[in-house]
$ cat coords-v2.cif   # mmCIF, C-alpha atoms
data_input
loop_
_atom_site.label_atom_id
_atom_site.label_comp_id
_atom_site.auth_asym_id
_atom_site.auth_seq_id
_atom_site.Cartn_x
_atom_site.Cartn_y
_atom_site.Cartn_z
CA MET A 270 -6.13 -22.80 44.52
CA ASP A 271 -8.62 -21.83 47.25
CA LEU A 272 -7.61 -18.18 46.87
CA LEU A 273 -8.10 -18.34 43.12
CA ILE A 274 -11.55 -19.91 43.44
CA ASN A 275 -12.84 -17.90 46.40
CA VAL A 276 -11.38 -14.54 45.40
CA GLY A 277 -10.05 -14.64 41.83
CA LEU A 278 -13.07 -16.30 40.24
CA PRO A 279 -15.85 -14.02 41.54
CA LEU A 280 -13.53 -11.01 41.18
CA SER A 281 -12.83 -11.86 37.55
CA LEU A 282 -16.52 -12.21 36.75
CA ALA A 283 -17.37 -9.00 38.63
CA ILE A 284 -14.67 -7.11 36.68
CA ILE A 285 -15.96 -8.54 33.39
CA MET A 286 -19.51 -7.47 34.25
CA LEU A 287 -18.31 -4.05 35.45
CA SER A 288 -16.46 -3.66 32.15
CA LEU A 289 -19.69 -4.56 30.35
CA GLY A 290 -21.61 -1.98 32.36
CA VAL A 291 -19.03 0.75 31.76
CA GLY A 292 -19.55 0.26 28.03
CA LEU A 293 -23.33 0.68 28.35
CA GLN A 294 -25.51 3.75 28.29
CA VAL A 295 -29.07 4.26 29.50
CA SER A 296 -30.06 4.53 25.83
CA ASP A 297 -29.02 0.89 25.34
CA PHE A 298 -31.91 -0.14 27.58
CA GLN A 299 -34.31 2.38 26.09
CA ARG A 300 -33.54 0.93 22.67
CA VAL A 301 -35.26 -2.30 23.70
CA LEU A 302 -38.59 -0.46 23.75
CA ARG A 303 -37.97 1.18 20.38
CA ARG A 304 -36.81 -2.01 18.70
CA GLY A 305 -38.95 -4.55 20.49
CA TYR A 306 -39.33 -7.08 17.67
CA PRO A 307 -35.62 -7.75 16.89
CA PHE A 308 -34.90 -7.78 20.62
CA ALA A 309 -37.72 -10.25 21.29
CA ILE A 310 -36.40 -12.63 18.61
CA GLY A 311 -32.89 -12.42 20.05
CA ALA A 312 -34.10 -12.92 23.61
CA LEU A 313 -36.25 -15.91 22.60
CA SER A 314 -33.29 -17.53 20.86
CA GLN A 315 -30.97 -16.95 23.79
CA VAL A 316 -33.20 -17.68 26.77
CA VAL A 317 -35.38 -20.50 25.37
CA LEU A 318 -33.92 -22.10 22.23
CA LEU A 319 -30.34 -22.16 23.49
CA PRO A 320 -31.02 -24.34 26.58
CA VAL A 321 -33.35 -26.58 24.53
CA ALA A 322 -30.61 -27.15 21.93
CA ALA A 323 -28.08 -27.86 24.71
CA PHE A 324 -30.43 -30.36 26.33
CA ILE A 325 -30.91 -32.22 23.02
CA ILE A 326 -27.14 -32.37 22.38
CA VAL A 327 -26.45 -33.58 25.93
CA LYS A 328 -28.92 -36.43 25.38
CA LEU A 329 -27.61 -37.26 21.88
CA PHE A 330 -24.02 -37.50 23.11
CA ALA A 331 -25.05 -39.34 26.32
CA LEU A 332 -22.70 -37.19 28.39
CA PRO A 333 -21.82 -38.15 31.99
CA PRO A 334 -24.02 -36.40 34.58
CA GLU A 335 -21.48 -33.82 35.77
CA ILE A 336 -20.42 -32.93 32.21
CA ALA A 337 -24.08 -32.75 31.17
CA VAL A 338 -24.81 -30.30 33.99
CA GLY A 339 -21.79 -28.25 32.93
CA PHE A 340 -23.15 -28.05 29.37
CA MET A 341 -26.51 -26.88 30.63
CA LEU A 342 -25.00 -24.28 32.98
CA LEU A 343 -23.07 -22.88 30.02
CA SER A 344 -26.27 -22.67 27.97
CA PHE A 345 -27.94 -20.54 30.67
CA CYS A 346 -25.22 -17.87 30.48
CA PRO A 347 -25.70 -14.62 28.52
CA GLY A 348 -23.31 -13.48 25.82
CA GLY A 349 -21.08 -11.06 27.69
CA VAL A 350 -18.52 -8.64 26.29
CA THR A 351 -17.18 -11.20 23.82
CA SER A 352 -20.42 -11.36 21.85
CA ASN A 353 -20.40 -7.57 21.52
CA ILE A 354 -16.83 -7.60 20.18
CA LEU A 355 -17.59 -10.40 17.72
CA SER A 356 -20.71 -8.57 16.54
CA LYS A 357 -18.57 -5.55 15.76
CA LEU A 358 -16.06 -7.72 13.88
CA ALA A 359 -18.90 -9.32 11.89
CA LYS A 360 -20.27 -5.86 10.94
CA ALA A 361 -23.49 -6.80 12.72
CA ASP A 362 -25.89 -4.56 14.65
CA VAL A 363 -23.68 -3.71 17.65
CA ALA A 364 -26.39 -1.61 19.31
CA LEU A 365 -28.78 -4.58 19.27
CA SER A 366 -25.99 -6.86 20.54
CA VAL A 367 -25.26 -4.55 23.45
CA SER A 368 -28.96 -4.27 24.32
CA LEU A 369 -29.41 -8.04 24.31
CA THR A 370 -26.29 -8.63 26.41
CA ALA A 371 -27.27 -5.94 28.91
CA VAL A 372 -30.87 -7.03 29.48
CA ILE A 373 -30.23 -10.79 29.42
CA SER A 374 -27.32 -10.34 31.85
CA LEU A 375 -29.61 -8.53 34.27
CA LEU A 376 -32.39 -11.12 33.84
CA SER A 377 -29.92 -13.96 34.50
CA MET A 378 -30.21 -13.20 38.22
CA ILE A 379 -33.75 -14.59 37.98
CA THR A 380 -33.54 -17.20 35.22
CA VAL A 381 -30.21 -18.91 35.96
CA PRO A 382 -30.79 -20.03 39.60
CA VAL A 383 -34.13 -21.68 38.76
CA LEU A 384 -32.82 -23.43 35.64
CA ALA A 385 -29.60 -24.48 37.38
CA ALA A 386 -31.50 -26.08 40.29
CA TRP A 387 -33.70 -28.06 37.89
CA THR A 388 -30.70 -29.19 35.83
CA ILE A 389 -28.75 -30.43 38.85
CA ALA A 390 -31.73 -32.46 40.09
CA HIS A 391 -32.52 -33.86 36.64
CA PHE A 392 -29.06 -35.07 35.65
CA MET A 393 -27.46 -35.93 39.00
CA GLY A 394 -30.43 -37.38 40.88
CA GLU A 395 -29.46 -38.63 44.32
CA ASP A 396 -25.87 -37.41 43.85
CA ALA A 397 -27.04 -33.83 43.34
CA PRO A 398 -25.68 -31.27 45.82
CA ASP A 399 -28.18 -29.12 47.66
CA VAL A 400 -28.85 -26.00 45.60
CA SER A 401 -30.29 -22.90 47.22
CA ILE A 402 -32.15 -20.93 44.55
CA THR A 403 -32.24 -17.90 46.84
CA GLY A 404 -28.53 -18.19 47.60
CA LEU A 405 -27.69 -18.48 43.90
CA ALA A 406 -29.91 -15.50 43.09
CA ILE A 407 -28.16 -13.36 45.70
CA ALA A 408 -24.73 -14.44 44.43
CA MET A 409 -25.78 -13.73 40.83
CA PHE A 410 -26.94 -10.28 41.88
CA LEU A 411 -23.66 -9.48 43.64
CA ILE A 412 -21.31 -10.67 40.90
CA THR A 413 -23.31 -9.94 37.74
CA THR A 414 -26.25 -7.55 38.16
CA LEU A 415 -24.66 -5.16 40.67
CA PRO A 416 -21.38 -4.67 38.74
CA VAL A 417 -23.35 -3.98 35.53
CA ALA A 418 -25.52 -1.44 37.37
CA ILE A 419 -22.43 0.24 38.85
CA GLY A 420 -20.79 0.36 35.42
CA VAL A 421 -23.87 1.91 33.78
CA SER A 422 -24.06 4.48 36.60
CA LEU A 423 -20.39 5.38 36.17
CA ARG A 424 -20.88 5.81 32.44
CA HIS A 425 -23.93 8.02 33.03
CA PHE A 426 -22.66 10.20 35.88
CA ALA A 427 -18.87 10.12 35.30
CA ALA A 428 -18.38 9.43 31.60
CA GLY A 429 -14.76 10.59 31.51
CA PHE A 430 -13.73 8.33 34.39
CA ALA A 431 -15.64 5.42 32.86
CA GLU A 432 -13.82 5.79 29.55
CA ARG A 433 -10.43 5.93 31.31
CA ILE A 434 -10.98 2.69 33.24
CA ASP A 435 -12.68 0.77 30.41
CA ALA A 436 -9.50 -0.55 28.72
CA PRO A 437 -7.63 -1.44 31.96
CA LEU A 438 -10.71 -3.28 33.24
CA SER A 439 -10.99 -5.32 30.04
CA LYS A 440 -7.28 -6.26 30.11
CA THR A 441 -7.43 -7.24 33.79
CA ALA A 442 -10.51 -9.37 33.20
CA THR A 443 -8.83 -11.13 30.26
CA VAL A 444 -5.76 -12.06 32.31
CA LEU A 445 -7.90 -13.35 35.18
CA PHE A 446 -10.06 -15.33 32.75
CA VAL A 447 -7.02 -17.09 31.25
CA LEU A 448 -5.71 -18.01 34.70
CA ILE A 449 -9.09 -19.38 35.77
CA VAL A 450 -9.51 -21.50 32.62
CA ILE A 451 -6.02 -22.97 33.10
CA ALA A 452 -6.71 -23.68 36.78
CA ALA A 453 -10.09 -25.28 36.02
CA LEU A 454 -8.50 -27.59 33.44
CA ALA A 455 -5.56 -28.44 35.71
CA GLY A 456 -7.86 -29.18 38.66
CA ASN A 457 -9.87 -31.68 36.60
CA TRP A 458 -7.14 -32.88 34.27
CA GLN A 459 -7.91 -36.60 34.32
CA LEU A 460 -11.64 -35.99 33.84
CA PHE A 461 -10.73 -33.60 31.03
CA VAL A 462 -8.52 -36.18 29.32
CA ASP A 463 -11.05 -38.99 29.76
CA ASN A 464 -13.91 -36.95 28.26
CA LEU A 465 -12.05 -34.70 25.82
CA GLY A 466 -13.22 -36.54 22.71
CA ILE A 467 -16.93 -36.64 23.43
CA MET A 468 -16.94 -33.29 25.27
CA GLY A 469 -15.03 -31.55 22.48
CA ALA A 470 -17.35 -32.97 19.84
CA GLY A 471 -20.38 -31.99 21.90
CA LEU A 472 -19.15 -28.42 22.45
CA ILE A 473 -18.33 -27.90 18.78
CA THR A 474 -21.72 -29.31 17.80
CA LEU A 475 -23.43 -27.06 20.34
CA ASN A 476 -21.56 -23.96 19.18
CA VAL A 477 -22.22 -24.60 15.49
CA ALA A 478 -25.86 -25.53 16.11
CA LEU A 479 -26.53 -22.40 18.15
CA LEU A 480 -24.96 -20.07 15.61
CA ALA A 481 -27.04 -21.73 12.88
CA ILE A 482 -30.25 -21.73 14.95
CA GLY A 483 -29.86 -18.06 15.79
CA LEU A 484 -29.30 -17.15 12.15
CA GLY A 485 -32.14 -19.38 10.93
CA ILE A 486 -34.67 -18.05 13.45
CA ALA A 487 -33.74 -14.45 12.67
CA ARG A 488 -34.06 -14.95 8.92
CA ALA A 489 -37.37 -16.78 9.36
CA ALA A 490 -38.57 -13.82 11.44
CA LYS A 491 -37.61 -11.56 8.51
CA LEU A 492 -35.03 -9.54 10.40
CA SER A 493 -32.48 -7.62 8.36
CA TRP A 494 -29.18 -9.31 7.53
CA THR A 495 -27.35 -7.09 10.03
CA GLU A 496 -29.85 -7.92 12.79
CA SER A 497 -29.75 -11.62 11.86
CA LYS A 498 -25.98 -11.71 12.28
CA THR A 499 -26.36 -10.19 15.74
CA VAL A 500 -29.01 -12.68 16.88
CA SER A 501 -26.83 -15.54 15.62
CA ILE A 502 -23.78 -14.35 17.55
CA GLU A 503 -25.74 -13.59 20.73
CA THR A 504 -27.28 -17.08 20.59
CA GLY A 505 -24.02 -18.88 19.87
CA ILE A 506 -21.57 -17.09 22.19
CA GLN A 507 -21.80 -17.53 25.97
CA ASN A 508 -20.05 -16.00 28.99
CA SER A 509 -17.92 -19.00 29.96
CA THR A 510 -16.56 -17.26 33.09
CA LEU A 511 -20.10 -17.17 34.46
CA GLY A 512 -20.43 -20.90 33.72
CA ILE A 513 -17.27 -21.65 35.72
CA THR A 514 -18.43 -19.41 38.55
CA LEU A 515 -21.85 -21.07 38.67
CA ALA A 516 -20.18 -24.45 39.02
CA ALA A 517 -18.16 -23.19 42.01
CA LEU A 518 -21.23 -21.61 43.63
CA ILE A 519 -23.23 -24.82 43.28
CA THR A 520 -20.66 -27.33 44.51
CA GLY A 521 -18.59 -25.20 46.87
CA THR A 522 -14.83 -24.74 46.74
CA ASP A 523 -13.51 -27.23 49.29
CA SER A 524 -12.27 -29.67 46.65
CA GLY A 525 -10.99 -27.20 44.05
CA PHE A 526 -12.65 -26.48 40.75
CA SER A 527 -15.80 -28.51 40.21
CA PRO A 528 -16.05 -30.94 37.26
CA LEU A 529 -19.20 -28.98 36.42
CA ALA A 530 -16.89 -26.14 35.36
CA LEU A 531 -15.07 -28.23 32.77
CA PRO A 532 -17.37 -27.64 29.76
CA SER A 533 -17.28 -23.87 30.31
CA ALA A 534 -13.49 -23.90 30.68
CA VAL A 535 -13.00 -25.86 27.45
CA TYR A 536 -15.64 -23.78 25.68
CA GLY A 537 -13.82 -20.59 26.71
CA ILE A 538 -10.99 -21.63 24.39
CA MET A 539 -12.84 -23.68 21.79
CA MET A 540 -15.49 -21.07 20.94
CA TYR A 541 -12.90 -18.99 19.10
CA VAL A 542 -12.01 -21.95 16.89
CA VAL A 543 -15.62 -22.09 15.72
CA ALA A 544 -16.55 -18.41 15.94
CA LEU A 545 -13.67 -16.76 14.08
CA PRO A 546 -14.15 -18.61 10.74
CA TYR A 547 -17.89 -18.00 11.10
CA ILE A 548 -17.30 -14.28 11.68
CA ALA A 549 -15.11 -14.18 8.58
CA TRP A 550 -17.94 -15.80 6.60
CA LEU A 551 -20.48 -13.30 7.95
CA ARG A 552 -18.22 -10.40 6.97
CA SER A 553 -17.92 -11.71 3.43
CA ARG A 554 -21.67 -11.90 2.87
#

$ encode --input "coords-v2.cif" --output "structure tokens"
Amino acid sequence: MDLLINVGLPLSLAIIMLSLGVGLQVSDFQRVLRRGYPFAIGALSQVVLLPVAAFIIVKLFALPPEIAVGFMLLSFCPGGVTSNILSKLAKADVALSVSLTAVISLLSMITVPVLAAWTIAHFMGEDAPDVSITGLAIAMFLITTLPVAIGVSLRHFAAGFAERIDAPLSKTATVLFVLIVIAALAGNWQLFVDNLGIMGAGLITLNVALLAIGLGIARAAKLSWTESKTVSIETGIQNSTLGITLAALITGTDSGFSPLALPSAVYGIMMYVVALPYIAWLRSR
């Protein structure tokens, strides 16, 4: 278990982020400047409205402190590769999706440590573990920002090599993700069983609410239907591996997977139950 947490977990996330970077081009970042308005709406929904919605749902469901923190950590995570794939399936604006994922993933090195430290203190009070914002920022840089930067560089300077390793990287990351989710659930099985009803209801509510909020904000901002679908998906789909990793970074690994990781682990499976019918609906419109 220690090997899986200390090595497998950060390695899995780093591979996922490297895979994301390999699929990016410099033009994906330049596009942000050319299409500033749709990007700004998507970024606002993801960085601001998403955590606010999560906070409201945590309060409405009166979740236990550790589960509440886990919900909030999940809400701070960017979309990741999954949101890009779902955008493609929904016939949304994949270029906008990739741009949002890329930039928000890089910004998470700054935003996530600060928000995570506040969340821990707010919900856990005296029981809160000591959280080093600087330490979290460095860890976020090493396992998220740096792999993305390496991937983008590979794609730019060695495009052929990047294309050859793209598929193997994605498959490896998927296998590691499944193992980590299973281990996180097994390590907190009783807590999972005790809170499955309220946590499951809360996660489904959060997922549905975020997809709806993203779509509603985009339509109110008069974005095109294709852009609106993208903003909805980017708002409603989070990188659950990052949520699990954050939990381990915050609480340490001496006692196995942290209960803070539980919402992200359950969400990693449950999001497909909500997202796939929604994607089918988006495609039919």

$ residues_around --input "coords-v2.cif" --residues "Ala322 in chain A" --least-positions-apart "2" --cutoff "12 Å" --atoms "all atoms listed in the file" --output "ChimeraX atom specification"
/A:314-320,324-329,340-341,343-345,471-472,474-483,504-505

$ closest_residue --input "coords-v2.cif" --among "A:Ile502, A:Ala453, A:Ile473, A:Leu531" --to "Lys360 in chain A" --atoms "all atoms listed in the file"
A:Ile502

$ atom_distance --input "coords-v2.cif" --atom1 "CA of Glu496 in chain A" --atom2 "CA of Gly348 in chain A"
15.6 Å

$ residues_near_point --input "coords-v2.cif" --point "(-39.2, -11.3, 19.2)" --cutoff "12 Å" --atoms "all atoms listed in the file" --output "list in words"
Val301, Leu302, Arg304, Gly305, Tyr306, Pro307, Phe308, Ala309, Ile310, Gly311, Ala312, Leu313, Ser314, Gln315, Val316, Val317, Leu369, Ile486, Ala487, Ala489, Ala490, Lys491, Leu492, Glu496, Ser497 and Val500 of chain A

$ atom_distance --input "coords-v2.cif" --atom1 "CA of Lys440 in chain A" --atom2 "CA of Ser281 in chain A"
10.8 Å

$ closest_atom_pairs --input "coords-v2.cif" --of "range 432-514 of chain A" --to "range 349-356 of chain A" --cutoff "12 Å" --atoms "all atoms listed in the file" --output "Markdown table"
| residue | atom | partner | partner_atom | distance |
| --- | --- | --- | --- | --- |
| A:Asp435 | CA | A:Val350 | CA | 11.8 |
| A:Leu438 | CA | A:Val350 | CA | 11.7 |
| A:Ser439 | CA | A:Val350 | CA | 9.0 |
| A:Ala442 | CA | A:Val350 | CA | 10.6 |
| A:Thr443 | CA | A:Thr351 | CA | 10.5 |
| A:Leu480 | CA | A:Ser352 | CA | 11.6 |
| A:Thr495 | CA | A:Ser356 | CA | 9.4 |
| A:Glu496 | CA | A:Ser356 | CA | 9.9 |
| A:Ser497 | CA | A:Ser356 | CA | 10.6 |
| A:Lys498 | CA | A:Ser356 | CA | 7.5 |
| A:Thr499 | CA | A:Ser356 | CA | 5.9 |
| A:Val500 | CA | A:Ser356 | CA | 9.3 |
| A:Ser501 | CA | A:Ser356 | CA | 9.3 |
| A:Ile502 | CA | A:Ser352 | CA | 6.2 |
| A:Glu503 | CA | A:Ser352 | CA | 5.9 |
| A:Thr504 | CA | A:Ser352 | CA | 9.0 |
| A:Gly505 | CA | A:Ser352 | CA | 8.6 |
| A:Ile506 | CA | A:Ser352 | CA | 5.9 |
| A:Gln507 | CA | A:Gly349 | CA | 6.7 |
| A:Asn508 | CA | A:Gly349 | CA | 5.2 |
| A:Ser509 | CA | A:Gly349 | CA | 8.8 |
| A:Thr510 | CA | A:Gly349 | CA | 9.4 |
| A:Leu511 | CA | A:Gly349 | CA | 9.2 |
| A:Gly512 | CA | A:Gly349 | CA | 11.6 |

$ closest_residue --input "coords-v2.cif" --among "A:Val381, A:Asp362, A:Ile389, A:Arg554" --to "Ser493 in chain A" --atoms "all atoms listed in the file"
A:Asp362

$ build_atoms --input "coords-v2.cif" --residues "range 295-306 of chain A" --atoms "all heavy atoms" --output "CSV table (one decimal), keeping the file's coordinate frame"
chain,number,residue,atom,x,y,z
A,295,VAL,N,-27.6,4.4,29.2
A,295,VAL,CA,-29.1,4.3,29.5
A,295,VAL,C,-29.9,4.0,28.2
A,295,VAL,O,-30.8,3.3,28.2
A,295,VAL,CB,-29.6,5.5,30.3
A,295,VAL,CG1,-31.1,5.4,30.5
A,295,VAL,CG2,-28.9,5.6,31.6
A,296,SER,N,-29.4,4.7,27.1
A,296,SER,CA,-30.1,4.5,25.8
A,296,SER,C,-30.0,3.1,25.3
A,296,SER,O,-30.9,2.7,24.5
A,296,SER,CB,-29.4,5.4,24.8
A,296,SER,OG,-28.0,5.1,24.6
A,297,ASP,N,-29.1,2.3,25.8
A,297,ASP,CA,-29.0,0.9,25.3
A,297,ASP,C,-30.2,0.1,25.9
A,297,ASP,O,-30.7,-0.8,25.2
A,297,ASP,CB,-27.7,0.2,25.8
A,297,ASP,CG,-26.5,0.8,25.2
A,297,ASP,OD1,-26.5,1.1,24.0
A,297,ASP,OD2,-25.5,1.0,25.9
A,298,PHE,N,-30.7,0.5,27.0
A,298,PHE,CA,-31.9,-0.1,27.6
A,298,PHE,C,-33.2,0.4,27.0
A,298,PHE,O,-34.1,-0.3,26.7
A,298,PHE,CB,-31.9,0.0,29.1
A,298,PHE,CG,-30.8,-0.7,29.8
A,298,PHE,CD1,-29.6,0.0,30.1
A,298,PHE,CD2,-30.9,-2.0,30.2
A,298,PHE,CE1,-28.5,-0.6,30.7
A,298,PHE,CE2,-29.8,-2.6,30.8
A,298,PHE,CZ,-28.7,-1.9,31.1
A,299,GLN,N,-33.2,1.7,26.7
A,299,GLN,CA,-34.3,2.4,26.1
A,299,GLN,C,-34.5,1.8,24.7
A,299,GLN,O,-35.7,1.8,24.2
A,299,GLN,CB,-34.1,3.9,26.1
A,299,GLN,CG,-34.0,4.5,27.4
A,299,GLN,CD,-33.6,6.0,27.4
A,299,GLN,OE1,-33.0,6.4,26.4
A,299,GLN,NE2,-34.0,6.8,28.4
A,300,ARG,N,-33.5,1.4,24.0
A,300,ARG,CA,-33.5,0.9,22.7
A,300,ARG,C,-34.4,-0.3,22.6
A,300,ARG,O,-35.0,-0.6,21.6
A,300,ARG,CB,-32.1,0.6,22.1
A,300,ARG,CG,-32.1,0.3,20.6
A,300,ARG,CD,-30.6,0.0,20.2
A,300,ARG,NE,-29.7,1.1,20.5
A,300,ARG,CZ,-28.7,1.0,21.4
A,300,ARG,NH1,-28.6,0.0,22.1
A,300,ARG,NH2,-27.9,2.1,21.6
A,301,VAL,N,-34.5,-1.1,23.7
A,301,VAL,CA,-35.3,-2.3,23.7
A,301,VAL,C,-36.7,-2.0,23.4
A,301,VAL,O,-37.4,-2.7,22.7
A,301,VAL,CB,-35.1,-3.0,25.1
A,301,VAL,CG1,-36.1,-4.2,25.2
A,301,VAL,CG2,-33.7,-3.5,25.3
A,302,LEU,N,-37.2,-0.9,24.0
A,302,LEU,CA,-38.6,-0.5,23.8
A,302,LEU,C,-38.8,0.0,22.3
A,302,LEU,O,-39.9,-0.3,21.7
A,302,LEU,CB,-39.0,0.7,24.7
A,302,LEU,CG,-38.9,0.3,26.2
A,302,LEU,CD1,-39.2,1.5,27.1
A,302,LEU,CD2,-39.8,-0.8,26.5
A,303,ARG,N,-37.8,0.7,21.7
A,303,ARG,CA,-38.0,1.2,20.4
A,303,ARG,C,-37.8,0.1,19.3
A,303,ARG,O,-38.4,0.2,18.3
A,303,ARG,CB,-36.9,2.3,20.1
A,303,ARG,CG,-37.1,3.5,21.0
A,303,ARG,CD,-36.3,4.7,20.4
A,303,ARG,NE,-34.9,4.4,20.2
A,303,ARG,CZ,-34.0,4.6,21.2
A,303,ARG,NH1,-34.3,5.1,22.3
A,303,ARG,NH2,-32.7,4.3,20.9
A,304,ARG,N,-37.1,-0.9,19.7
A,304,ARG,CA,-36.8,-2.0,18.7
A,304,ARG,C,-37.2,-3.3,19.3
A,304,ARG,O,-36.4,-4.3,19.4
A,304,ARG,CB,-35.3,-2.0,18.3
A,304,ARG,CG,-34.8,-0.7,17.7
A,304,ARG,CD,-33.4,-0.8,17.4
A,304,ARG,NE,-33.1,-1.8,16.3
A,304,ARG,CZ,-31.9,-2.2,15.9
A,304,ARG,NH1,-30.9,-1.7,16.5
A,304,ARG,NH2,-31.8,-3.1,15.0
A,305,GLY,N,-38.5,-3.4,19.7
A,305,GLY,CA,-39.0,-4.6,20.5
A,305,GLY,C,-38.9,-5.9,19.7
A,305,GLY,O,-38.6,-6.9,20.3
A,306,TYR,N,-39.2,-5.8,18.4
A,306,TYR,CA,-39.3,-7.1,17.7
A,306,TYR,C,-38.0,-7.8,17.5
A,306,TYR,O,-37.8,-9.0,17.9
A,306,TYR,CB,-40.0,-6.8,16.3
A,306,TYR,CG,-40.2,-8.1,15.5
A,306,TYR,CD1,-41.0,-9.1,16.0
A,306,TYR,CD2,-39.6,-8.2,14.3
A,306,TYR,CE1,-41.2,-10.3,15.2
A,306,TYR,CE2,-39.8,-9.4,13.5
A,306,TYR,CZ,-40.6,-10.4,14.0
A,306,TYR,OH,-40.7,-11.6,13.3
